[in-house]
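**Student:** Next up, my_file-v1.txt (compact mmCIF, C-alpha atoms).
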# COMPACT_ATOMS: atom_id res chain seq x y z
CA MET A 101 0.00 0.00 0.00
CA ASN A 102 2.90 2.36 0.65
CA LEU A 103 4.31 1.65 -2.81
CA LEU A 104 0.94 2.19 -4.48
CA ARG A 105 0.43 5.42 -2.56
CA LYS A 106 3.80 6.88 -3.55
CA TYR A 107 4.20 5.50 -7.09
CA ILE A 108 0.73 5.86 -8.62
CA GLY A 109 -1.08 8.02 -6.07
CA ILE A 110 -3.74 5.56 -4.87
CA ASP A 111 -4.07 5.97 -1.11
CA PHE A 112 -5.83 2.92 0.31
CA TYR A 113 -5.25 4.24 3.83
CA LYS A 114 -8.14 6.68 3.27
CA ARG A 115 -10.59 3.78 3.39
CA PRO A 116 -12.46 3.69 6.76
CA PHE A 117 -11.21 0.18 7.53
CA PHE A 118 -7.58 1.30 7.64
CA GLN A 119 -8.38 4.22 9.94
CA ARG A 120 -9.18 1.73 12.71
CA THR A 121 -6.98 -1.26 11.83
CA GLY A 122 -4.60 -0.55 14.72
CA ASP A 123 -7.42 -1.11 17.22
CA PHE A 124 -7.18 -4.85 16.69
CA PRO A 125 -3.65 -5.42 18.02
CA LEU A 126 -4.23 -2.75 20.67
CA TYR A 127 -7.18 -4.63 22.16
CA CYS A 128 -6.48 -8.23 21.14
CA ASN A 129 -2.68 -8.50 21.38
CA SER A 130 -1.90 -5.90 24.02
CA PRO A 131 1.74 -4.96 24.68
CA ASP A 132 2.14 -6.60 28.10
CA THR A 133 0.30 -9.88 27.41
CA ILE A 134 1.52 -13.42 26.77
CA ARG A 135 -0.53 -16.35 25.40
CA ALA A 136 -3.58 -14.10 25.27
CA SER A 137 -4.63 -14.10 21.62
CA PHE A 138 -6.36 -16.75 19.50
CA GLY A 139 -5.30 -18.76 16.46
CA ASP A 140 -2.00 -19.89 14.94
CA GLN A 141 0.82 -17.71 16.22
CA SER A 142 4.48 -18.32 15.49
CA THR A 143 5.19 -16.07 18.50
CA LEU A 144 3.11 -18.16 20.94
CA GLY A 145 4.65 -17.91 24.41
CA ASP A 146 6.66 -14.77 23.65
CA PRO A 147 5.64 -11.21 24.53
CA THR A 148 4.04 -9.12 21.81
CA SER A 149 6.43 -8.97 18.86
CA LEU A 150 8.18 -5.95 17.42
CA LYS A 151 6.86 -6.66 13.92
CA THR A 152 3.33 -6.20 15.28
CA ALA A 153 4.47 -2.95 16.87
CA PHE A 154 5.98 -1.75 13.57
CA ASN A 155 2.68 -2.45 11.85
CA ILE A 156 0.61 -0.54 14.39
CA ARG A 157 3.15 2.33 14.32
CA GLN A 158 2.52 2.51 10.56
CA PHE A 159 -1.13 3.25 11.35
CA ALA A 160 -0.09 5.83 13.93
CA GLY A 161 1.61 7.69 11.09
CA VAL A 162 -1.36 7.22 8.78
CA THR A 163 -4.03 8.36 11.26
CA GLY A 164 -2.16 10.40 13.89
CA ASN A 165 -3.58 8.12 16.59
CA GLY A 166 -1.33 8.43 19.66
CA LEU A 167 -2.63 5.14 21.13
CA TYR A 168 -0.92 3.27 18.31
CA GLN A 169 2.34 5.11 18.95
CA TRP A 170 2.07 4.21 22.66
CA TYR A 171 1.70 0.55 21.68
CA TYR A 172 4.83 0.71 19.52
CA GLU A 173 6.88 2.35 22.26
CA GLN A 174 5.81 -0.20 24.90
CA VAL A 175 6.74 -3.19 22.74
CA LYS A 176 10.05 -1.66 21.65
CA LYS A 177 11.09 -1.62 25.34
CA THR A 178 10.54 -5.38 25.75
CA ASP A 179 11.29 -7.04 22.38
CA ILE A 180 14.93 -6.03 22.28
CA ASP A 181 16.31 -9.06 20.38
CA ALA A 182 13.66 -9.28 17.66
CA ASP A 183 16.17 -9.69 14.81
CA SER A 184 17.38 -13.05 16.14
CA LYS A 185 13.97 -14.76 16.46
CA PHE A 186 13.10 -17.41 13.89
CA TYR A 187 9.80 -15.81 12.92
CA ASN A 188 11.59 -12.55 12.05
CA TYR A 189 14.99 -13.64 10.75
CA GLY A 190 15.00 -13.43 6.96
CA TRP A 191 11.39 -12.20 6.91
CA TRP A 192 11.68 -8.73 8.41
CA ASP A 193 14.13 -5.86 8.07
CA PHE A 194 13.47 -3.50 10.95
CA ARG A 195 16.18 -1.02 9.96
CA PHE A 196 14.82 -0.62 6.45
CA ASP A 197 11.27 -0.22 7.78
CA GLU A 198 12.45 2.42 10.22
CA MET A 199 14.13 4.37 7.45
CA VAL A 200 11.07 4.25 5.19
CA TYR A 201 8.69 5.19 8.00
CA ARG A 202 10.79 8.19 9.05
CA TYR A 203 10.83 9.37 5.44
CA ASP A 204 7.09 8.87 4.82
CA TYR A 205 5.41 9.99 8.04
CA PRO A 206 5.80 12.51 10.87
CA LEU A 207 6.50 11.32 14.40
CA VAL A 208 3.33 11.02 16.49
CA ASP A 209 3.14 11.71 20.24
CA ALA A 210 2.24 8.66 22.29
CA VAL A 211 -1.08 8.67 24.19
CA ALA A 212 -1.56 6.13 26.98
CA PRO A 213 -4.88 4.17 26.87
CA VAL A 214 -6.33 5.75 30.02
CA ASN A 215 -9.86 6.65 28.94
CA ILE A 216 -10.56 3.97 26.35
CA PRO A 217 -13.80 1.92 26.39
CA GLU A 218 -13.62 -1.15 28.67
CA ILE A 219 -15.06 -3.49 26.03
CA ARG A 220 -14.48 -3.70 22.28
CA TRP A 221 -16.38 -5.94 19.87
CA PHE A 222 -14.76 -6.77 16.52
CA ARG A 223 -18.00 -7.75 14.84
CA ASP A 224 -16.70 -9.04 11.52
CA ILE A 225 -14.58 -11.78 13.14
CA GLY A 226 -16.51 -12.29 16.40
CA TRP A 227 -13.78 -11.33 18.88
CA VAL A 228 -14.54 -9.36 22.06
CA ALA A 229 -11.88 -7.83 24.30
CA ILE A 230 -12.45 -6.57 27.85
CA HIS A 231 -9.77 -4.40 29.47
CA HIS A 232 -9.23 -2.62 32.75
CA ARG A 233 -6.19 -0.34 33.16
CA MET A 234 -4.39 -1.28 29.96
CA ASP A 235 -2.12 1.69 30.63
CA SER A 236 -0.41 -0.05 33.59
CA SER A 237 0.89 -3.62 33.38
CA ASP A 238 0.76 -4.01 37.17
CA GLU A 239 -2.96 -3.13 37.19
CA HIS A 240 -4.03 -4.48 33.80
CA ILE A 241 -6.82 -7.07 33.60
CA MET A 242 -7.69 -8.45 30.14
CA LEU A 243 -10.19 -11.07 29.01
CA LEU A 244 -10.49 -12.03 25.36
CA THR A 245 -13.30 -14.20 23.98
CA LYS A 246 -14.45 -15.17 20.53
CA SER A 247 -17.34 -16.77 18.67
CA SER A 248 -16.63 -16.35 14.99
CA ARG A 249 -18.52 -16.91 11.75
CA TYR A 250 -15.25 -18.19 10.29
CA GLY A 251 -15.26 -21.28 12.54
CA SER A 252 -12.05 -23.31 12.39
CA ILE A 253 -11.04 -22.35 8.83
CA SER A 254 -7.39 -21.72 7.92
CA HIS A 255 -5.44 -20.39 10.94
CA SER A 256 -8.49 -20.39 13.22
CA HIS A 257 -9.14 -23.12 15.78
CA GLY A 258 -12.10 -25.03 17.23
CA ASP A 259 -12.43 -22.43 19.97
CA GLN A 260 -15.79 -20.69 19.56
CA ASN A 261 -16.96 -19.40 23.00
CA ALA A 262 -13.45 -19.85 24.43
CA PHE A 263 -11.77 -17.19 26.57
CA LEU A 264 -8.28 -16.10 27.63
CA LEU A 265 -7.40 -14.20 30.80
CA HIS A 266 -4.28 -12.13 31.55
CA ALA A 267 -4.04 -10.12 34.75
CA PHE A 268 -1.46 -8.07 36.66
CA GLY A 269 1.37 -9.03 34.33
CA GLU A 270 0.58 -12.75 34.37
CA PRO A 271 -1.07 -15.14 31.88
CA LEU A 272 -3.72 -17.04 33.88
CA ALA A 273 -6.11 -18.70 31.40
CA ILE A 274 -3.87 -19.38 28.42
CA GLU A 275 -3.77 -20.37 24.77
CA SER A 276 -2.08 -23.70 25.55
CA GLY A 277 0.52 -25.58 23.56
CA TYR A 278 3.35 -24.46 21.30
CA TYR A 279 3.84 -23.35 17.71
CA VAL A 280 5.94 -26.30 16.55
CA ALA A 281 5.02 -26.20 12.86
CA PHE A 282 1.87 -25.87 10.79
CA GLY A 283 0.57 -29.42 10.29
CA SER A 284 2.56 -30.95 13.17
CA THR A 285 0.79 -33.25 15.64
CA MET A 286 0.91 -30.39 18.17
CA HIS A 287 -0.90 -28.24 15.63
CA ARG A 288 -3.44 -30.79 14.30
CA ASN A 289 -4.20 -32.82 17.41
CA TRP A 290 -3.86 -30.25 20.19
CA ARG A 291 -3.84 -26.56 19.33
CA ARG A 292 -6.54 -26.68 16.66
CA GLN A 293 -8.80 -28.85 18.84
CA THR A 294 -11.28 -27.69 21.48
CA ILE A 295 -9.52 -29.81 24.12
CA SER A 296 -6.68 -27.24 24.18
CA THR A 297 -9.00 -24.27 24.84
CA ASN A 298 -10.83 -22.75 27.80
CA ASN A 299 -14.14 -24.14 26.66
CA ILE A 300 -16.34 -27.25 27.03
CA LEU A 301 -16.41 -30.81 25.75
CA ILE A 302 -19.65 -32.77 25.46
CA ASP A 303 -19.21 -36.49 26.14
CA GLY A 304 -15.53 -35.92 25.42
CA LYS A 305 -16.15 -34.31 22.02
CA GLY A 306 -15.35 -30.79 20.91
CA GLN A 307 -15.95 -28.61 17.87
CA TYR A 308 -15.07 -29.69 14.35
CA ALA A 309 -11.48 -28.69 13.56
CA GLY A 310 -10.40 -31.15 10.88
CA ASN A 311 -9.29 -30.43 7.31
CA HIS A 312 -12.67 -30.28 5.52
CA LYS A 313 -13.01 -26.59 4.75
CA VAL A 314 -16.77 -26.59 4.31
CA LEU A 315 -17.16 -28.18 7.74
CA ASN A 316 -14.57 -25.74 9.15
CA MET A 317 -16.72 -22.80 8.08
CA ALA A 318 -19.90 -24.48 9.32
CA ALA A 319 -18.33 -24.97 12.78
CA SER A 320 -19.02 -21.33 13.57
CA GLY A 321 -20.12 -19.18 16.48
CA THR A 322 -21.90 -15.89 16.99
CA VAL A 323 -21.50 -13.06 19.46
CA GLU A 324 -25.12 -12.22 20.22
CA GLU A 325 -24.86 -9.24 22.56
CA ILE A 326 -22.51 -7.04 24.53
CA ILE A 327 -23.39 -4.58 27.30
CA SER A 328 -21.12 -2.25 29.25
CA ASP A 329 -21.59 0.46 31.86
CA ASP A 330 -19.62 1.85 34.81
CA THR A 331 -20.10 -1.29 36.95
CA TYR A 332 -19.93 -4.26 34.58
CA SER A 333 -19.35 -5.53 31.06
CA TYR A 334 -21.24 -8.46 29.55
CA VAL A 335 -20.82 -10.74 26.52
CA ARG A 336 -23.21 -13.44 25.30
CA SER A 337 -22.04 -15.87 22.60
CA ASN A 338 -23.54 -18.90 20.89
CA ALA A 339 -21.34 -21.77 19.66
CA THR A 340 -24.04 -24.36 18.99
CA ALA A 341 -23.17 -24.72 15.29
CA ALA A 342 -19.50 -25.38 16.09
CA TYR A 343 -20.35 -28.72 17.76
CA GLN A 344 -23.00 -29.98 15.31
CA GLU A 345 -20.70 -32.22 13.28
CA ASN A 346 -19.36 -34.04 16.35
CA VAL A 347 -22.31 -33.65 18.75
CA PRO A 348 -25.48 -33.67 16.59
CA TYR A 349 -27.66 -33.99 19.70
CA LEU A 350 -26.61 -30.56 20.99
CA GLU A 351 -29.54 -28.14 20.88
CA ARG A 352 -27.85 -25.09 22.41
CA TYR A 353 -24.55 -23.94 23.83
CA VAL A 354 -24.57 -20.32 24.98
CA ARG A 355 -21.89 -18.74 27.18
CA GLU A 356 -22.32 -15.51 29.10
CA ILE A 357 -19.32 -13.66 30.53
CA TYR A 358 -19.67 -10.91 33.15
CA PHE A 359 -16.83 -8.63 34.25
CA CYS A 360 -18.03 -7.09 37.51
CA ASN A 361 -16.75 -4.03 39.38
CA HIS A 362 -13.57 -4.01 37.23
CA SER A 363 -12.53 -6.89 39.48
CA TYR A 364 -13.82 -10.44 38.81
CA PHE A 365 -15.49 -12.57 36.15
CA VAL A 366 -18.55 -14.79 36.16
CA ILE A 367 -19.02 -17.33 33.37
CA VAL A 368 -22.47 -18.83 32.83
CA ASP A 369 -22.76 -21.81 30.47
CA TYR A 370 -26.07 -23.08 29.06
CA ILE A 371 -25.91 -26.52 27.42
CA ASP A 372 -29.12 -28.23 26.22
CA LEU A 373 -29.05 -31.72 24.68
CA THR A 374 -31.68 -34.03 23.19
CA GLN A 375 -30.23 -36.94 25.17
CA PRO A 376 -28.38 -37.15 28.49
CA GLY A 377 -24.69 -36.31 28.34
CA LYS A 378 -21.71 -35.17 30.40
CA VAL A 379 -20.06 -31.78 30.10
CA GLU A 380 -16.37 -31.16 30.75
CA TRP A 381 -15.49 -27.54 31.59
CA LEU A 382 -11.89 -26.94 30.50
CA PHE A 383 -9.30 -24.50 31.82
CA HIS A 384 -5.59 -24.23 30.91
CA THR A 385 -2.75 -22.50 32.70
CA LEU A 386 1.03 -22.53 33.03
CA TYR A 387 1.01 -23.79 36.61
CA LYS A 388 -0.20 -26.81 38.53
CA MET A 389 -3.42 -25.81 40.30
CA LYS A 390 -4.61 -26.41 43.83
CA LEU A 391 -7.92 -28.28 43.72
CA SER A 392 -10.39 -28.42 46.58
CA ASN A 393 -14.00 -29.60 46.34
CA GLN A 394 -15.62 -27.14 43.88
CA ALA A 395 -12.67 -24.72 43.65
CA PHE A 396 -9.31 -24.41 41.92
CA GLN A 397 -6.48 -21.97 42.47
CA VAL A 398 -3.80 -20.75 40.06
CA ILE A 399 -0.63 -19.57 41.78
CA GLY A 400 1.55 -17.60 39.39
CA GLU A 401 4.70 -15.54 39.70
CA LYS A 402 3.04 -12.10 39.60
CA ALA A 403 -0.63 -12.94 40.11
CA ASN A 404 -2.96 -15.60 41.47
CA MET A 405 -6.50 -16.57 40.56
CA MET A 406 -9.27 -18.31 42.48
CA GLY A 407 -11.83 -20.23 40.46
CA ARG A 408 -15.03 -21.61 41.98
CA PHE A 409 -18.00 -23.49 40.55
CA VAL A 410 -20.79 -21.68 42.38
CA TYR A 411 -23.66 -23.50 40.68
CA SER A 412 -24.12 -26.67 38.63
CA SER A 413 -27.64 -27.81 37.80
CA SER A 414 -26.61 -31.48 37.55
CA GLY A 415 -24.87 -31.52 40.96
CA ASP A 416 -21.28 -31.00 42.02
CA VAL A 417 -18.64 -31.27 39.31
CA ILE A 418 -15.64 -33.58 39.64
CA LEU A 419 -12.28 -31.79 39.31
CA SER A 420 -9.12 -33.30 37.87
CA GLN A 421 -5.98 -31.96 36.19
CA HIS A 422 -3.07 -33.24 34.11
CA ASP A 423 -0.03 -31.79 32.35
CA GLN A 424 0.06 -33.78 29.12
CA PHE A 425 -0.46 -32.70 25.52
CA VAL A 426 -2.73 -35.51 24.37
CA ASP A 427 -1.94 -37.20 21.01
CA VAL A 428 1.16 -35.05 20.44
CA ASP A 429 4.43 -36.60 19.29
CA PRO A 430 6.80 -36.29 22.30
CA GLN A 431 9.72 -35.49 20.00
CA GLU A 432 8.00 -32.29 18.86
CA ILE A 433 7.94 -30.85 22.39
CA GLU A 434 11.15 -32.28 23.81
CA GLY A 435 12.65 -29.81 26.29
CA LEU A 436 9.52 -27.64 26.43
CA SER A 437 7.58 -27.11 29.65
CA ASN A 438 4.24 -28.82 30.13
CA HIS A 439 1.05 -26.87 30.76
CA TRP A 440 -1.71 -27.77 33.20
CA HIS A 441 -5.20 -28.66 32.10
CA LEU A 442 -8.27 -28.64 34.36
CA HIS A 443 -11.31 -30.81 33.64
CA ALA A 444 -14.46 -30.14 35.67
CA THR A 445 -16.84 -32.99 34.78
CA SER A 446 -20.58 -32.81 35.32
CA ASN A 447 -23.09 -35.57 35.99
CA MET A 448 -25.26 -36.97 33.20
CA ALA A 449 -28.15 -34.70 32.25
CA ARG A 450 -30.00 -33.40 29.20
CA ASN A 451 -29.75 -29.80 30.37
CA HIS A 452 -26.81 -28.17 32.09
CA ARG A 453 -26.39 -24.80 33.78
CA LEU A 454 -22.87 -24.14 35.05
CA VAL A 455 -21.74 -20.93 36.76
CA THR A 456 -18.04 -20.30 37.38
CA LEU A 457 -16.50 -17.46 39.38
CA LEU A 458 -12.96 -16.33 38.43
CA VAL A 459 -11.19 -13.89 40.75
CA PRO A 460 -7.75 -12.70 39.55
CA MET A 461 -5.62 -10.97 42.16
CA LYS A 462 -2.16 -9.55 42.65
CA LYS A 463 0.44 -11.83 44.20
CA ASP A 464 0.30 -10.11 47.58
CA GLU A 465 -3.47 -9.60 47.56
CA ASN A 466 -5.99 -11.72 49.48
CA LYS A 467 -9.19 -10.96 47.60
CA TYR A 468 -12.43 -12.78 48.31
CA VAL A 469 -15.74 -12.42 46.46
CA SER A 470 -18.62 -13.72 48.56
CA TYR A 471 -21.80 -15.13 47.04
CA PHE A 472 -25.13 -16.72 47.87
CA LEU A 473 -27.87 -18.35 45.80
CA ASP A 474 -31.62 -17.68 45.80
CA ASP A 475 -33.33 -20.66 44.17
CA GLN A 476 -37.00 -19.85 44.77
CA ASP A 477 -38.08 -18.25 41.49
CA HIS A 478 -38.14 -19.21 37.80
CA GLY A 479 -34.42 -18.57 37.77
CA VAL A 480 -31.47 -19.08 40.07
CA HIS A 481 -30.40 -15.68 41.41
CA ILE A 482 -26.73 -15.44 42.36
CA TYR A 483 -25.62 -12.48 44.47
CA LEU A 484 -21.89 -11.70 44.45
CA THR A 485 -20.27 -9.10 46.70
CA ASP A 486 -16.84 -7.52 46.36
CA HIS A 487 -15.70 -4.54 48.46
CA GLY A 488 -19.28 -3.83 49.50
CA LEU A 489 -20.63 -3.81 45.92
CA THR A 490 -23.17 -6.52 45.07
CA ARG A 491 -24.06 -7.80 41.60
CA LYS A 492 -27.07 -10.08 40.95
CA ILE A 493 -26.83 -12.57 38.10
CA GLU A 494 -29.90 -14.54 37.04
CA VAL A 495 -29.53 -18.00 35.55
CA GLN A 496 -32.41 -19.65 33.72
CA LYS A 497 -33.54 -22.81 35.48
CA VAL A 498 -33.64 -26.28 34.00
CA TYR A 499 -37.22 -27.67 33.77
Please rewrite the model in this file as structure tokens.

**Tutor:**
Amino acid sequence: MNLLRKYIGIDFYKRPFFQRTGDFPLYCNSPDTIRASFGDQSTLGDPTSLKTAFNIRQFAGVTGNGLYQWYYEQVKKTDIDADSKFYNYGWWDFRFDEMVYRYDYPLVDAVAPVNIPEIRWFRDIGWVAIHHRMDSSDEHIMLLTKSSRYGSISHSHGDQNAFLLHAFGEPLAIESGYYVAFGSTMHRNWRRQTISTNNILIDGKGQYAGNHKVLNMAASGTVEEIISDDTYSYVRSNATAAYQENVPYLERYVREIYFCNHSYFVIVDYIDLTQPGKVEWLFHTLYKMKLSNQAFQVIGEKANMMGRFVYSSSGDVILSQHDQFVDVDPQEIEGLSNHWHLHATSNMARNHRLVTLLVPMKKDENKYVSYFLDDQDHGVHIYLTDHGLTRKIEVQKVY
């Protein structure tokens, strides 16, 4: 586009799409996050890469948007050996790009993302990002979720309705696995499959993520609604179609995500089947978790997280964890650290309602969100209180 603009005078950057292109990395691949973006990534496990920062800086020059310049400056501080990394070496010439950019565009003053909206919906691809205090890594809380009309086509995975969580400088709910190679067993059998995502399995089966492109596109999801105000942000997504090939008896799978008081998350899952089945609620992290009854705890280096299953319509779930990459050739991951995978398994039922509370906290913080259930109406009312502020969440009952 730069060549076309300078050589024949066609300026594609004037199109509305390119005025906002930099918003996507800003919200969905933020400068201080690790393992917090979906799909095939050669940089998986590394901080945000300098080549992404160079791209967003290009749009800072095009639009004058200081947020994009801020992004570039933050990444440049951390990715100091970019030239030596395999996904850059021979593919990217940072010095040449710097020279061209300085010639083509004026320098833009950086603007920290202090007053940006808490939630951003990228409607065309079905990604939703929730942020609190992106401007400060030590205070930053980010949740990313997706339910996309593109299903598991190309570099997308079987991860409709999945989520990722990064808080206080620490990846907590992660995109698990490694980028070994496109088409490797790690890629085909783990990373592309629902079992590697923070999502659900139904009777051990996930979304279609094979190599039939028509079925890939059909295995889609939809973001149905988002809401945001001063006290909470809300996302509702539907991934029913994504499971139809493997679980034809699924009638509905809807996931609601609440971010309350800029502090904690509540995830409500609705699964309706035409025959009894078991649901496995999946969660992936870098660290071995502490399991106790209906709760699990992630203990990281900079942050911790408490997870609790506050309601399950089929009775208490059974918690287990392991650190294996299932059906992956061990030679592909030799010398690489394992990740930990939580399975919370329900009882058999045709209809499932599962409510999970996730409370991220700083390493030295002892945060507790109290809750109680009112089960006397047509719905289950869950009241959650944090620092004296109470949020009521209503869950439709199973009849």

**Student:** When you count only C-alpha atoms, which of these residues is closest to Ala342 in chain A: A:Ala318, A:Ala444, A:Val495, A:Val426?

**Tutor:** A:Ala318

**Student:** Would you kindly return, as a list of chain:residue names, each protein, DNA or RNA residue with an atom no farther than 12 Å from any atom of Glu198 in chain A, considering all atoms listed in the file and excluding same-chain residues fewer than 2 positions away?

**Tutor:**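 Everything that qualifies: A:Leu150, A:Lys151, A:Ala153, A:Phe154, A:Asn155, A:Arg157, A:Gln158, A:Trp192, A:Asp193, A:Phe194, A:Arg195, A:Phe196, A:Val200, A:Tyr201, A:Arg202, A:Tyr203, A:Asp204, A:Tyr205, A:Leu207.
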
**Student:** For Ser247 in chain A, which of A:Asn289, A:Asn215, A:Ser363, A:Asn261 is the closest residue, counting all atoms listed in the file?

**Tutor:** A:Asn261

**Student:** Of the candidates A:Ser470, A:Asn438, A:Gln431, A:Ser237, which shows the shortest atom-to-atom distance to Thr285 in chain A, using all atoms listed in the file?

**Tutor:**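 Comparing A:Ser470, A:Asn438, A:Gln431, A:Ser237 against Thr285 in chain A, the winner is A:Gln431.
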
**Student:** Within 10 Å of (3.4, 11.0, 17.7), all atoms listed in the file: residues as a PyMOL selection string?

**Tutor:** chain A and resi 157+160-161+164-170+205-211

**Student:** Looking at all atoms listed in the file, which of A:His439, A:His478, A:His487, A:His362 is the one that sits closest to Pro460 in chain A?

**Tutor:**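 So, comparing all the options, the nearest one is A:His362.
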
**Student:** Tell me which protein, DNA and RNA residues are within 6 Å of Thr245 in chain A, counting all atoms listed in the file, leaving out same-chain ones fewer than 6 positions away, and put them as a PyMOL selection string.

**Tutor:** chain A and resi 227-228+262-263

**Student:** Rounded to one decimal, what separation in Å do you get between CA of Gln293 in chain A and CA of Val323 in chain A?

**Tutor:** 20.3 Å

**Student:** May I have the protein, DNA and RNA residues with an atom at most 9 Å from (-28.2, -38.3, 25.2), counting all atoms listed in the file in the file's coordinates, returned as a list in words?

**Tutor:**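 Checked against the point, the hits come out as Tyr349, Leu350, Leu373, Thr374, Gln375, Pro376, Gly377, Lys378, Met448, Ala449 and Arg450 of chain A.
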
**Student:** If we count all atoms listed in the file, what is near Val498 in chain A at a cut-off of 8 Å, once residues fewer than 5 positions away on the same chain are taken out, given as a list in words?

**Tutor:**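 Here the qualifying residues turn out to be Ser413, Asn451, His452 and Arg453 of chain A.
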
**Student:** Using all atoms listed in the file, which residues sit within 10 Å of Thr294 in chain A once same-chain residues fewer than 5 positions away are excluded, as a VMD selection string?

**Tutor:** chain A and resid 257 to 260 262 289 299 to 301 305 to 309 343 382

**Student:** What's the separation between CA of Glu356 in chain A and CA of Ser254 in chain A, in Å to one decimal place?

**Tutor:** 26.6 Å

**Student:** Could you state the separation of CA of Ala267 in chain A and CA of Cys360 in chain A in Å, given to one decimal place?

**Tutor:** 14.6 Å

**Student:** Take range 327-340 of chain A, model N, CA and C atoms, and hand the result over as a PDB file, keeping the file's coordinate frame.

**Tutor:**
ATOM      1  N   ILE A 327     -22.878  -5.692  26.497  1.00  0.00           N
ATOM      2  CA  ILE A 327     -23.390  -4.580  27.300  1.00  0.00           C
ATOM      3  C   ILE A 327     -22.239  -4.084  28.161  1.00  0.00           C
ATOM      4  N   SER A 328     -22.158  -2.778  28.370  1.00  0.00           N
ATOM      5  CA  SER A 328     -21.120  -2.250  29.250  1.00  0.00           C
ATOM      6  C   SER A 328     -21.596  -0.949  29.865  1.00  0.00           C
ATOM      7  N   ASP A 329     -21.357  -0.814  31.184  1.00  0.00           N
ATOM      8  CA  ASP A 329     -21.590   0.460  31.860  1.00  0.00           C
ATOM      9  C   ASP A 329     -20.485   0.653  32.902  1.00  0.00           C
ATOM     10  N   ASP A 330     -20.677   1.525  33.851  1.00  0.00           N
ATOM     11  CA  ASP A 330     -19.620   1.850  34.810  1.00  0.00           C
ATOM     12  C   ASP A 330     -19.330   0.713  35.788  1.00  0.00           C
ATOM     13  N   THR A 331     -20.265  -0.253  35.928  1.00  0.00           N
ATOM     14  CA  THR A 331     -20.100  -1.290  36.950  1.00  0.00           C
ATOM     15  C   THR A 331     -19.844  -2.683  36.398  1.00  0.00           C
ATOM     16  N   TYR A 332     -20.184  -2.923  35.123  1.00  0.00           N
ATOM     17  CA  TYR A 332     -19.930  -4.260  34.580  1.00  0.00           C
ATOM     18  C   TYR A 332     -19.925  -4.228  33.057  1.00  0.00           C
ATOM     19  N   SER A 333     -19.299  -5.278  32.497  1.00  0.00           N
ATOM     20  CA  SER A 333     -19.350  -5.530  31.060  1.00  0.00           C
ATOM     21  C   SER A 333     -19.841  -6.960  30.863  1.00  0.00           C
ATOM     22  N   TYR A 334     -20.555  -7.182  29.757  1.00  0.00           N
ATOM     23  CA  TYR A 334     -21.240  -8.460  29.550  1.00  0.00           C
ATOM     24  C   TYR A 334     -21.129  -8.854  28.090  1.00  0.00           C
ATOM     25  N   VAL A 335     -20.878 -10.170  27.859  1.00  0.00           N
ATOM     26  CA  VAL A 335     -20.820 -10.740  26.520  1.00  0.00           C
ATOM     27  C   VAL A 335     -21.651 -12.024  26.509  1.00  0.00           C
ATOM     28  N   ARG A 336     -22.494 -12.172  25.499  1.00  0.00           N
ATOM     29  CA  ARG A 336     -23.210 -13.440  25.300  1.00  0.00           C
ATOM     30  C   ARG A 336     -22.888 -13.983  23.909  1.00  0.00           C
ATOM     31  N   SER A 337     -22.447 -15.247  23.853  1.00  0.00           N
ATOM     32  CA  SER A 337     -22.040 -15.870  22.600  1.00  0.00           C
ATOM     33  C   SER A 337     -22.673 -17.235  22.445  1.00  0.00           C
ATOM     34  N   ASN A 338     -22.876 -17.644  21.198  1.00  0.00           N
ATOM     35  CA  ASN A 338     -23.540 -18.900  20.890  1.00  0.00           C
ATOM     36  C   ASN A 338     -22.636 -19.718  19.975  1.00  0.00           C
ATOM     37  N   ALA A 339     -22.240 -20.901  20.433  1.00  0.00           N
ATOM     38  CA  ALA A 339     -21.340 -21.770  19.660  1.00  0.00           C
ATOM     39  C   ALA A 339     -22.009 -23.092  19.314  1.00  0.00           C
ATOM     40  N   THR A 340     -23.325 -23.117  19.267  1.00  0.00           N
ATOM     41  CA  THR A 340     -24.040 -24.360  18.990  1.00  0.00           C
ATOM     42  C   THR A 340     -23.593 -24.989  17.679  1.00  0.00           C
TER      43      THR A 340
END
